[in-house]
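Participant: Coordinates in run_27.txt, compact mmCIF, C-alpha atoms and all ligand atoms, are listed below.
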```txt
# COMPACT_ATOMS: atom_id res chain seq x y z
CA MET D 1 -32.62 -58.62 4.46
CA GLN D 2 -32.11 -55.80 1.99
CA ASN D 3 -29.38 -53.29 2.69
CA PRO D 4 -31.21 -50.11 3.80
CA PHE D 5 -28.37 -47.87 2.57
CA GLU D 6 -28.67 -49.37 -0.94
CA ASN D 7 -32.40 -48.68 -0.75
CA ALA D 8 -31.78 -45.08 0.30
CA LEU D 9 -29.31 -44.55 -2.57
CA ASN D 10 -31.82 -46.09 -4.96
CA GLN D 11 -34.47 -43.68 -3.77
CA ILE D 12 -32.18 -40.79 -4.69
CA LYS D 13 -31.52 -42.25 -8.15
CA ARG D 14 -35.25 -42.70 -8.69
CA ALA D 15 -35.93 -39.06 -7.77
CA VAL D 16 -33.22 -37.90 -10.16
CA GLU D 17 -34.97 -39.77 -12.98
CA VAL D 18 -37.90 -37.41 -12.46
CA LYS D 19 -35.96 -34.18 -11.94
CA GLU D 20 -32.36 -33.59 -12.89
CA PHE D 21 -29.82 -32.25 -10.37
CA PRO D 22 -26.12 -31.46 -10.86
CA LYS D 23 -24.11 -34.71 -10.89
CA SER D 24 -21.61 -33.41 -8.32
CA PHE D 25 -24.40 -32.58 -5.89
CA ILE D 26 -25.92 -36.06 -6.18
CA GLU D 27 -22.49 -37.69 -5.75
CA ARG D 28 -21.97 -35.63 -2.60
CA LEU D 29 -25.37 -36.64 -1.24
CA MET D 30 -24.57 -40.29 -1.78
CA HIS D 31 -21.44 -40.08 0.39
CA PRO D 32 -21.66 -39.37 4.13
CA ASP D 33 -19.25 -36.72 5.43
CA ARG D 34 -17.94 -38.97 8.21
CA GLN D 35 -18.48 -42.52 9.48
CA VAL D 36 -17.17 -43.31 12.95
CA ARG D 37 -17.02 -46.75 14.55
CA ILE D 38 -15.95 -47.17 18.19
CA SER D 39 -15.41 -50.03 20.63
CA ILE D 40 -17.17 -49.54 23.95
CA PRO D 41 -15.77 -51.71 26.73
CA LEU D 42 -18.40 -52.47 29.37
CA VAL D 43 -17.91 -54.11 32.76
CA MET D 44 -20.94 -56.33 33.22
CA ASP D 45 -22.66 -56.75 36.59
CA ASP D 46 -20.94 -60.13 37.05
CA GLY D 47 -17.50 -58.52 36.70
CA THR D 48 -16.71 -59.79 33.20
CA GLU D 49 -15.91 -57.30 30.42
CA LYS D 50 -17.60 -57.16 27.02
CA ILE D 51 -16.88 -54.95 24.04
CA PHE D 52 -19.80 -53.38 22.16
CA GLU D 53 -19.63 -51.72 18.77
CA GLY D 54 -20.91 -48.13 18.49
CA TYR D 55 -21.52 -45.94 15.45
CA ARG D 56 -22.05 -42.36 14.43
CA VAL D 57 -22.55 -41.30 10.86
CA GLU D 58 -22.44 -37.60 10.09
CA HIS D 59 -24.02 -37.44 6.70
CA ASN D 60 -24.33 -33.77 5.77
CA ASN D 61 -24.26 -30.43 7.64
CA LYS D 62 -24.93 -27.97 4.83
CA ARG D 63 -28.09 -26.71 6.53
CA GLY D 64 -27.00 -26.96 10.19
CA PRO D 65 -25.46 -29.25 12.83
CA TYR D 66 -25.68 -33.00 12.24
CA LYS D 67 -28.86 -34.26 13.89
CA GLY D 68 -30.27 -37.73 14.43
CA GLY D 69 -31.17 -40.44 16.89
CA ILE D 70 -29.16 -43.24 18.46
CA ARG D 71 -30.49 -46.78 18.01
CA PHE D 72 -29.73 -49.66 20.38
CA HIS D 73 -30.52 -52.86 18.51
CA GLN D 74 -28.96 -56.26 17.97
CA ASP D 75 -29.08 -55.75 14.17
CA ALA D 76 -27.75 -52.17 14.14
CA ASP D 77 -24.76 -51.85 11.81
CA MET D 78 -22.96 -49.26 9.70
CA ASN D 79 -25.21 -49.84 6.67
CA GLU D 80 -28.31 -49.16 8.66
CA VAL D 81 -26.85 -46.10 10.37
CA ASN D 82 -25.66 -44.77 6.98
CA ALA D 83 -29.18 -45.08 5.59
CA LEU D 84 -30.79 -43.49 8.62
CA ALA D 85 -28.29 -40.59 8.53
CA LEU D 86 -28.96 -39.93 4.83
CA TRP D 87 -32.71 -39.92 5.46
CA MET D 88 -32.12 -37.43 8.31
CA THR D 89 -30.39 -34.98 5.95
CA LEU D 90 -33.36 -35.16 3.59
CA LYS D 91 -35.91 -35.09 6.41
CA CYS D 92 -34.50 -31.93 7.99
CA ALA D 93 -34.60 -30.30 4.56
CA VAL D 94 -38.23 -31.38 4.00
CA ALA D 95 -39.20 -30.05 7.44
CA ASN D 96 -37.19 -26.91 6.59
CA ILE D 97 -35.37 -26.84 9.94
CA PRO D 98 -31.77 -25.62 10.37
CA MET D 99 -30.27 -29.07 10.89
CA GLY D 100 -28.18 -31.54 8.93
CA GLY D 101 -28.34 -35.32 8.97
CA GLY D 102 -26.69 -37.80 11.32
CA LYS D 103 -27.49 -41.04 13.09
CA GLY D 104 -25.94 -43.30 15.68
CA GLY D 105 -26.24 -46.73 17.15
CA ILE D 106 -24.88 -49.57 19.21
CA THR D 107 -25.13 -53.24 18.25
CA VAL D 108 -26.81 -54.54 21.38
CA ASP D 109 -30.07 -56.08 22.50
CA PRO D 110 -30.77 -53.76 25.44
CA LYS D 111 -33.30 -56.21 26.86
CA THR D 112 -30.34 -58.40 27.87
CA LEU D 113 -28.74 -55.62 29.98
CA SER D 114 -29.44 -54.48 33.55
CA GLN D 115 -30.24 -50.78 34.14
CA ASN D 116 -26.72 -50.31 35.47
CA GLU D 117 -25.16 -51.88 32.36
CA LEU D 118 -27.45 -49.85 30.09
CA GLU D 119 -26.42 -46.62 31.82
CA ASN D 120 -22.71 -47.40 31.57
CA LEU D 121 -23.04 -48.40 27.91
CA SER D 122 -24.85 -45.12 27.14
CA ARG D 123 -22.13 -43.14 28.91
CA GLY D 124 -19.49 -45.15 27.04
CA TRP D 125 -21.00 -44.14 23.68
CA VAL D 126 -20.70 -40.47 24.70
CA ARG D 127 -17.07 -40.83 25.79
CA GLY D 128 -16.17 -42.51 22.51
CA MET D 129 -17.99 -39.96 20.37
CA LEU D 130 -17.02 -36.88 22.42
CA PRO D 131 -14.90 -35.14 19.74
CA LEU D 132 -17.88 -35.13 17.39
CA LEU D 133 -20.56 -33.81 19.72
CA GLY D 134 -21.72 -30.28 20.57
CA PRO D 135 -24.76 -28.04 20.15
CA TYR D 136 -23.39 -26.49 16.94
CA LYS D 137 -21.68 -29.67 15.72
CA ASP D 138 -23.71 -32.83 16.23
CA VAL D 139 -26.88 -33.22 18.28
CA PRO D 140 -28.14 -36.79 18.92
CA ALA D 141 -31.63 -37.86 20.07
CA PRO D 142 -33.51 -41.08 20.91
CA ASP D 143 -34.47 -43.73 18.36
CA VAL D 144 -35.42 -47.41 18.65
CA ASN D 145 -34.81 -48.70 22.22
CA THR D 146 -33.46 -45.38 23.48
CA ASN D 147 -35.50 -42.85 25.45
CA GLY D 148 -35.47 -39.78 27.70
CA GLN D 149 -33.68 -41.62 30.52
CA ILE D 150 -30.85 -42.61 28.18
CA MET D 151 -30.61 -39.02 26.87
CA SER D 152 -30.37 -37.85 30.53
CA TRP D 153 -27.40 -40.18 31.16
CA MET D 154 -25.80 -39.08 27.92
CA VAL D 155 -26.16 -35.35 28.52
CA ASP D 156 -24.87 -35.83 32.07
CA GLU D 157 -21.78 -37.66 30.79
CA TYR D 158 -21.24 -34.96 28.17
CA GLU D 159 -21.50 -32.18 30.75
CA LYS D 160 -19.03 -33.89 33.08
CA LEU D 161 -16.47 -33.91 30.28
CA THR D 162 -17.01 -30.43 28.79
CA ASP D 163 -17.83 -26.84 29.72
CA GLU D 164 -20.98 -26.87 27.65
CA LYS D 165 -23.98 -26.88 30.02
CA SER D 166 -26.93 -25.67 27.92
CA GLY D 167 -28.31 -29.18 27.48
CA ALA D 168 -28.59 -28.51 23.74
CA THR D 169 -26.18 -31.30 22.73
CA PHE D 170 -28.88 -33.96 23.18
CA THR D 171 -32.61 -33.70 22.49
CA GLY D 172 -35.46 -35.96 23.54
CA LYS D 173 -34.50 -35.33 27.17
CA PRO D 174 -37.22 -35.63 29.85
CA VAL D 175 -39.21 -32.42 30.38
CA SER D 176 -37.86 -32.35 33.96
CA ASN D 177 -34.30 -32.27 32.60
CA ARG D 178 -34.47 -29.49 29.98
CA GLY D 179 -36.55 -31.49 27.50
CA SER D 180 -39.34 -29.93 25.47
CA GLU D 181 -43.01 -30.27 26.16
CA GLY D 182 -44.54 -32.41 23.42
CA ARG D 183 -41.30 -34.14 22.29
CA GLU D 184 -42.51 -37.57 23.44
CA GLU D 185 -45.57 -37.48 21.14
CA ALA D 186 -44.02 -35.23 18.49
CA THR D 187 -43.29 -37.84 15.81
CA SER D 188 -46.80 -39.28 15.96
CA MET D 189 -48.48 -35.89 16.33
CA GLY D 190 -46.55 -34.67 13.28
CA GLY D 191 -47.74 -37.76 11.40
CA LEU D 192 -51.35 -36.98 12.29
CA TYR D 193 -50.95 -33.35 11.17
CA VAL D 194 -49.43 -34.50 7.87
CA PHE D 195 -52.22 -37.01 7.36
CA ASN D 196 -54.92 -34.45 8.13
CA ALA D 197 -53.33 -31.96 5.74
CA LEU D 198 -53.42 -34.49 2.90
CA ARG D 199 -56.55 -36.52 3.52
CA GLU D 200 -59.01 -34.39 1.58
CA SER D 201 -56.79 -34.33 -1.52
CA LEU D 202 -56.32 -38.10 -1.24
CA ASN D 203 -60.07 -38.80 -0.80
CA LEU D 204 -59.75 -40.22 2.71
CA GLU D 205 -62.58 -38.51 4.54
CA GLY D 206 -64.55 -39.66 7.59
CA SER D 207 -63.72 -42.12 10.36
CA LEU D 208 -61.16 -44.64 9.11
CA SER D 209 -59.78 -48.03 10.12
CA VAL D 210 -56.12 -48.05 11.15
CA VAL D 211 -53.50 -50.82 11.47
CA ILE D 212 -50.25 -50.05 13.32
CA GLN D 213 -47.06 -52.10 13.30
CA GLY D 214 -44.91 -51.49 16.40
CA LEU D 215 -46.21 -50.23 19.72
CA GLY D 216 -43.22 -48.28 21.05
CA ASN D 217 -42.89 -44.54 21.42
CA VAL D 218 -44.00 -43.76 17.87
CA GLY D 219 -46.57 -46.54 17.27
CA GLY D 220 -48.09 -46.26 20.76
CA ASN D 221 -48.57 -42.52 20.53
CA ALA D 222 -49.86 -42.77 16.97
CA ALA D 223 -52.45 -45.32 18.11
CA LEU D 224 -53.61 -43.04 20.93
CA LEU D 225 -53.71 -39.93 18.74
CA PHE D 226 -55.49 -41.50 15.76
CA GLU D 227 -58.03 -43.09 18.11
CA ALA D 228 -58.61 -39.73 19.83
CA ASP D 229 -59.05 -38.14 16.38
CA GLY D 230 -62.04 -40.40 15.67
CA HIS D 231 -60.49 -43.39 13.91
CA LYS D 232 -60.76 -47.09 14.75
CA ILE D 233 -57.56 -48.98 15.57
CA ILE D 234 -58.24 -52.53 14.36
CA ALA D 235 -54.79 -54.16 14.70
CA LEU D 236 -51.57 -53.60 16.63
CA SER D 237 -48.25 -55.43 16.95
CA ASP D 238 -44.91 -55.51 18.72
CA SER D 239 -41.74 -57.57 18.35
CA LYS D 240 -43.48 -60.56 19.96
CA GLY D 241 -46.65 -60.74 17.85
CA ALA D 242 -49.81 -59.08 16.53
CA ILE D 243 -53.49 -58.79 17.49
CA MET D 244 -56.69 -57.60 15.82
CA ASN D 245 -60.30 -56.78 16.55
CA GLU D 246 -62.43 -55.47 13.68
CA GLU D 247 -64.69 -53.64 16.14
CA GLY D 248 -61.68 -51.63 17.33
CA LEU D 249 -59.12 -52.04 20.14
CA SER D 250 -59.00 -49.76 23.17
CA VAL D 251 -55.45 -48.45 22.76
CA LYS D 252 -54.99 -47.31 26.34
CA ASP D 253 -55.98 -50.78 27.57
CA VAL D 254 -53.67 -52.55 25.11
CA ILE D 255 -50.74 -50.36 26.19
CA GLU D 256 -51.50 -51.10 29.87
CA PHE D 257 -51.75 -54.84 29.08
CA LYS D 258 -48.39 -54.71 27.26
CA LYS D 259 -46.81 -52.92 30.23
CA GLN D 260 -47.94 -55.69 32.54
CA THR D 261 -47.32 -58.75 30.35
CA GLY D 262 -44.53 -57.61 28.03
CA SER D 263 -46.55 -57.99 24.82
CA VAL D 264 -49.83 -57.15 23.08
CA VAL D 265 -50.41 -60.87 22.48
CA GLY D 266 -53.24 -62.28 24.61
CA PHE D 267 -55.06 -58.96 25.01
CA PRO D 268 -58.62 -59.92 26.08
CA GLY D 269 -61.16 -59.82 23.24
CA SER D 270 -58.53 -59.72 20.49
CA LYS D 271 -57.57 -62.35 17.94
CA GLU D 272 -53.89 -63.22 17.57
CA ILE D 273 -52.59 -62.92 13.99
CA SER D 274 -49.12 -63.24 12.52
CA GLN D 275 -46.90 -60.18 12.08
CA SER D 276 -47.00 -60.64 8.30
CA GLU D 277 -50.81 -60.94 8.29
CA LEU D 278 -51.06 -57.61 10.08
CA LEU D 279 -49.46 -55.80 7.17
CA THR D 280 -51.92 -57.15 4.61
CA LEU D 281 -55.17 -56.61 6.58
CA ALA D 282 -57.97 -54.74 4.82
CA CYS D 283 -57.92 -51.23 6.31
CA ASP D 284 -57.82 -47.56 5.34
CA ILE D 285 -54.49 -46.56 6.90
CA LEU D 286 -51.45 -48.75 7.56
CA ILE D 287 -48.86 -47.17 9.86
CA PRO D 288 -45.49 -48.98 9.98
CA SER D 289 -43.81 -47.81 13.22
CA ALA D 290 -41.07 -50.38 13.77
CA LEU D 291 -38.12 -51.11 11.49
CA GLU D 292 -36.96 -50.99 7.84
CA ASN D 293 -37.88 -53.34 4.98
CA GLN D 294 -41.36 -54.35 6.12
CA ILE D 295 -43.23 -53.72 2.85
CA THR D 296 -41.26 -55.41 0.11
CA ALA D 297 -41.66 -56.85 -3.40
CA GLU D 298 -42.95 -60.04 -1.72
CA ASN D 299 -45.90 -58.63 0.20
CA ALA D 300 -46.65 -55.31 -1.54
CA LYS D 301 -49.12 -56.90 -3.95
CA ASP D 302 -51.16 -58.11 -0.95
CA ILE D 303 -51.33 -54.76 0.85
CA LYS D 304 -54.96 -53.66 1.05
CA ALA D 305 -54.61 -50.35 2.91
CA ARG D 306 -55.62 -47.22 0.99
CA LEU D 307 -52.74 -45.25 2.44
CA VAL D 308 -49.42 -46.11 4.10
CA LEU D 309 -48.20 -43.51 6.59
CA GLU D 310 -44.52 -44.24 7.21
CA LEU D 311 -43.79 -43.31 10.81
CA ALA D 312 -40.90 -45.80 10.85
CA ASN D 313 -37.81 -45.02 8.79
CA GLY D 314 -37.39 -46.98 5.60
CA PRO D 315 -40.29 -49.45 6.01
CA THR D 316 -41.01 -49.64 2.25
CA THR D 317 -38.45 -50.82 -0.32
CA PRO D 318 -38.20 -49.09 -3.74
CA GLU D 319 -39.60 -52.19 -5.49
CA ALA D 320 -42.60 -52.15 -3.16
CA ASP D 321 -43.08 -48.42 -3.85
CA ASP D 322 -43.67 -49.18 -7.53
CA ILE D 323 -46.14 -51.97 -6.77
CA LEU D 324 -48.12 -49.80 -4.35
CA PHE D 325 -48.11 -46.85 -6.77
CA ALA D 326 -49.47 -49.06 -9.55
CA LYS D 327 -52.22 -50.26 -7.20
CA GLY D 328 -53.18 -46.64 -6.40
CA ILE D 329 -52.09 -46.91 -2.75
CA TYR D 330 -50.63 -43.67 -1.44
CA VAL D 331 -47.40 -43.85 0.54
CA VAL D 332 -46.67 -40.82 2.72
CA PRO D 333 -42.88 -41.13 2.94
CA ASP D 334 -40.93 -41.28 6.20
CA ILE D 335 -38.94 -38.12 5.47
CA LEU D 336 -42.21 -36.18 5.61
CA ALA D 337 -44.49 -38.37 7.76
CA ASN D 338 -42.17 -38.77 10.77
CA SER D 339 -40.40 -35.40 10.54
CA GLY D 340 -42.39 -34.10 13.52
CA GLY D 341 -39.88 -35.80 15.83
CA VAL D 342 -36.81 -33.95 14.60
CA THR D 343 -38.83 -30.76 14.28
CA VAL D 344 -39.70 -30.74 17.99
CA SER D 345 -36.14 -31.87 18.77
CA THR D 346 -35.04 -28.71 17.00
CA PHE D 347 -37.52 -26.71 19.10
CA GLU D 348 -35.95 -28.31 22.20
CA TRP D 349 -32.44 -27.35 21.01
CA GLU D 350 -33.62 -23.79 20.38
CA GLN D 351 -35.26 -23.54 23.83
CA ASN D 352 -32.06 -24.82 25.49
CA LEU D 353 -29.86 -22.36 23.62
CA LYS D 354 -32.14 -19.40 24.40
CA GLY D 355 -32.96 -20.54 27.95
CA GLU D 356 -36.68 -20.63 27.12
CA LYS D 357 -39.50 -23.00 28.04
CA TRP D 358 -42.39 -23.24 25.55
CA THR D 359 -45.82 -24.59 26.49
CA LYS D 360 -47.16 -27.76 24.86
CA GLU D 361 -49.76 -25.63 23.06
CA GLU D 362 -47.02 -23.40 21.58
CA VAL D 363 -44.98 -26.44 20.52
CA PHE D 364 -47.90 -28.18 18.80
CA GLU D 365 -49.10 -24.96 17.17
CA LYS D 366 -45.66 -24.40 15.61
CA LEU D 367 -45.42 -28.08 14.67
CA LYS D 368 -48.85 -28.11 13.01
CA GLU D 369 -48.10 -25.05 10.93
CA LYS D 370 -44.85 -26.60 9.67
CA MET D 371 -46.26 -30.06 8.98
CA GLU D 372 -49.26 -28.72 7.06
CA LYS D 373 -47.10 -26.43 4.96
CA GLU D 374 -44.53 -29.08 4.05
CA ALA D 375 -47.15 -31.79 3.45
CA ASN D 376 -48.73 -29.51 0.87
CA ASN D 377 -45.35 -28.68 -0.66
CA VAL D 378 -44.66 -32.40 -1.08
CA LEU D 379 -48.10 -33.02 -2.58
CA ASP D 380 -47.65 -30.08 -5.00
CA ASN D 381 -44.28 -31.47 -6.09
CA SER D 382 -45.68 -34.96 -6.67
CA ARG D 383 -48.39 -33.44 -8.87
CA LYS D 384 -46.01 -31.10 -10.67
CA TYR D 385 -43.67 -33.98 -11.56
CA GLU D 386 -46.48 -36.55 -11.94
CA THR D 387 -44.86 -38.91 -9.49
CA ASP D 388 -45.37 -40.48 -6.07
CA LEU D 389 -45.17 -38.59 -2.78
CA ARG D 390 -41.73 -40.06 -1.96
CA ARG D 391 -40.15 -38.63 -5.08
CA GLY D 392 -42.06 -35.40 -4.45
CA ALA D 393 -40.48 -35.21 -0.99
CA PHE D 394 -36.98 -36.17 -2.21
CA ILE D 395 -37.13 -33.47 -4.88
CA LEU D 396 -38.25 -30.86 -2.33
CA ALA D 397 -35.37 -31.83 -0.02
CA MET D 398 -32.81 -31.91 -2.82
CA GLU D 399 -33.93 -28.50 -4.12
CA ARG D 400 -33.37 -27.05 -0.67
CA LEU D 401 -30.02 -28.80 -0.20
CA SER D 402 -28.58 -28.00 -3.60
P1 LIG V 1 -39.28 -47.94 20.14
O1 LIG V 1 -38.09 -48.70 20.54
O2 LIG V 1 -39.94 -47.07 21.16
O3 LIG V 1 -40.40 -48.93 19.56
C1 LIG V 1 -40.18 -49.88 18.56
C2 LIG V 1 -41.38 -50.82 18.55
O4 LIG V 1 -41.29 -51.69 17.42
C3 LIG V 1 -41.49 -51.72 19.79
O5 LIG V 1 -42.83 -51.76 20.22
C4 LIG V 1 -41.08 -53.10 19.26
O6 LIG V 1 -41.70 -54.14 19.98
C5 LIG V 1 -41.62 -53.00 17.85
N1 LIG V 1 -41.05 -53.96 16.92
C6 LIG V 1 -39.76 -54.32 16.72
N2 LIG V 1 -39.69 -55.24 15.76
C7 LIG V 1 -40.96 -55.48 15.34
C8 LIG V 1 -41.55 -56.33 14.37
N3 LIG V 1 -40.80 -57.14 13.63
N4 LIG V 1 -42.89 -56.31 14.22
C9 LIG V 1 -43.65 -55.50 14.96
N5 LIG V 1 -43.16 -54.66 15.88
C10 LIG V 1 -41.83 -54.67 16.08
O7 LIG V 1 -38.83 -47.09 18.86
P2 LIG V 1 -39.52 -45.79 18.25
O8 LIG V 1 -38.80 -44.62 18.75
O9 LIG V 1 -40.99 -45.88 18.42
O10 LIG V 1 -39.13 -45.94 16.71
C11 LIG V 1 -39.91 -46.69 15.80
C12 LIG V 1 -39.60 -46.26 14.39
O11 LIG V 1 -39.87 -44.86 14.25
C13 LIG V 1 -38.15 -46.44 13.95
O12 LIG V 1 -38.10 -46.73 12.57
C14 LIG V 1 -37.56 -45.07 14.19
O13 LIG V 1 -36.39 -44.83 13.42
C15 LIG V 1 -38.71 -44.22 13.74
N6 LIG V 1 -38.67 -42.83 14.23
C16 LIG V 1 -38.62 -42.58 15.56
C17 LIG V 1 -38.62 -41.27 15.99
C18 LIG V 1 -38.65 -40.91 17.46
O14 LIG V 1 -38.84 -39.75 17.75
N7 LIG V 1 -38.53 -41.85 18.37
C19 LIG V 1 -38.63 -40.22 15.06
C20 LIG V 1 -38.69 -40.52 13.70
C21 LIG V 1 -38.71 -41.84 13.31
```
Would you mind giving the structure from this file in structure tokens?
Ligand code: NAD
Facilitator:
Amino acid sequence: MQNPFENALNQIKRAVEVKEFPKSFIERLMHPDRQVRISIPLVMDDGTEKIFEGYRVEHNNKRGPYKGGIRFHQDADMNEVNALALWMTLKCAVANIPMGGGKGGITVDPKTLSQNELENLSRGWVRGMLPLLGPYKDVPAPDVNTNGQIMSWMVDEYEKLTDEKSGATFTGKPVSNRGSEGREEATSMGGLYVFNALRESLNLEGSLSVVIQGLGNVGGNAALLFEADGHKIIALSDSKGAIMNEEGLSVKDVIEFKKQTGSVVGFPGSKEISQSELLTLACDILIPSALENQITAENAKDIKARLVLELANGPTTPEADDILFAKGIYVVPDILANSGGVTVSTFEWEQNLKGEKWTKEEVFEKLKEKMEKEANNVLDNSRKYETDLRRGAFILAMERLS
């Protein structure tokens, strides 16, 4: 497994080859402001005690409070959190929102915990990270295996321990607990807006075939939204396996089937394929929505999609970027494609601080305007510097940060 932080640093170096930036600025960008590691003791339901490792990386707050999700995953470690925090700094700059970059995590497979254990672990992370957190300091959100319920526990723990009661210290909360309308779908909706803003320039008109890796919050909503926008979803996957049907899958039915059985595998009328096969299927759009390092030097030459829309963070390695570019496959980079999530998180933060409640229509209208504008800025940069969209996006972010 490649080190995602090395990949992220490489991406910066590759952007600097195209446009020069002051050395001191680049050095600064390559070093996170703060890396915190905590031990979280947890009393398990059977009375035994286990210690879990928790992380928060505050990468850069030049443009606003540190902002970024918390990941619960058995492979989460400081390298991964460092990479994700660096991408958040760049992403917030691409989206042009007043936030800096941060990320958090716990090394744990949450599927092995009871609800009670999960709640206490979430509260433990907040207690350990308390000195860092606050609406103008560091504002976490959900990421892989964390959700609105976990944000509710976290904000509750935070409010028990402080006088700050605006709710603005955590975003991605349920709408019933000071969350924003539209936050749940925001990452995927932002991805669709970005895609629609670029498709004409990239010669991707008409109804297209779509393959999606990962059927969680981001992948599931992307599947529903792309289907509703007139495209055909021909393959889907989760951590247990992958399925396809060239005639198109009914996304709502697959999601229901997964809810009942725990996986997409076995969905009636679909053919089971391997997770690696899914990535190399012939299709128009490939949407990685799971984890890092999925498209690598090994499989990039076999990718047949016309466009890769990175809703996951870090799914494509720098080596794979070069192979895809040479093949004429467009890659819409994560720091643009999935920036709708942090953008609506920022709307949530703003609503909490002002005591406002925006309608879903208002949220999506503001999101659309932003995504279209920044997608075009990234495209313009890639053309100006005769490079790929990733370097176009990195340059845009670095111009704003420097
Ligand atoms: P999630 O936990 O809701 O879903 C993750 C999905 O990936 C699950 O369906 C899981 O089964 C699947 N998965 C895991 N390993 C897999 C594998 N090897 N092959 C296929 N599927 C696999 O998480 P999420 O919030 O949807 O996040 C997904 C990605 O999107 C992550 O990279 C995350 O950082 C990124 N992202 C999320 C948000 C957000 O708002 N949640 C915002 C920006 C970026």
Participant: Could the residues that lie within 8 Å of ligand LIG 1 (chain V), counting all atoms listed in the file, be listed as a ChimeraX atom specification?
Facilitator: /D:69,71,84,141-147,172,183-187,213-220,237-242,263,275,288-292,311-315,334,338-342
Participant: Select, from D:Lys384, D:Asp253, D:Lys373, D:Leu279, the residue with the minimum atom-to-atom distance to Tyr193 of chain D, counting all atoms listed in the file.
Facilitator: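 So, comparing all the options, the nearest one is D:Lys373.
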Participant: Using all atoms listed in the file, which residue out of D:Thr316, D:Ser188, D:Asn177, D:Asn381 lies closest to Leu367 of chain D?
Facilitator: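 Going through D:Thr316, D:Ser188, D:Asn177, D:Asn381 one by one, the smallest distance to Leu367 of chain D is for D:Ser188.
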Participant: Skip Ser152 of chain D itself and residues of its chain fewer than 6 positions away, then list as a list in words all residues within 10 Å of it, counting all atoms listed in the file.
Facilitator: Glu119, Ser122, Arg123, Tyr158, Gly167, Phe170, Thr171, Gly172, Lys173, Pro174, Ser176, Asn177, Arg178 and Gly179 of chain D
Participant: Neighbours of Phe72 of chain D within 6 Å (all atoms listed in the file; same-chain residues fewer than 3 positions away dropped), as a ChimeraX atom specification?
Facilitator: /D:105-106,108,145
Participant: Could you give me, as a list in words, the residues within 6 Å of Lys103 of chain D, counting only C-alpha atoms and dropping anything in the same chain fewer than 2 positions from it?
Facilitator: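 Final neighbour list, sorted by chain and number: Arg56, Val57, Gly68, Gly69, Val81 and Ala85 of chain D.
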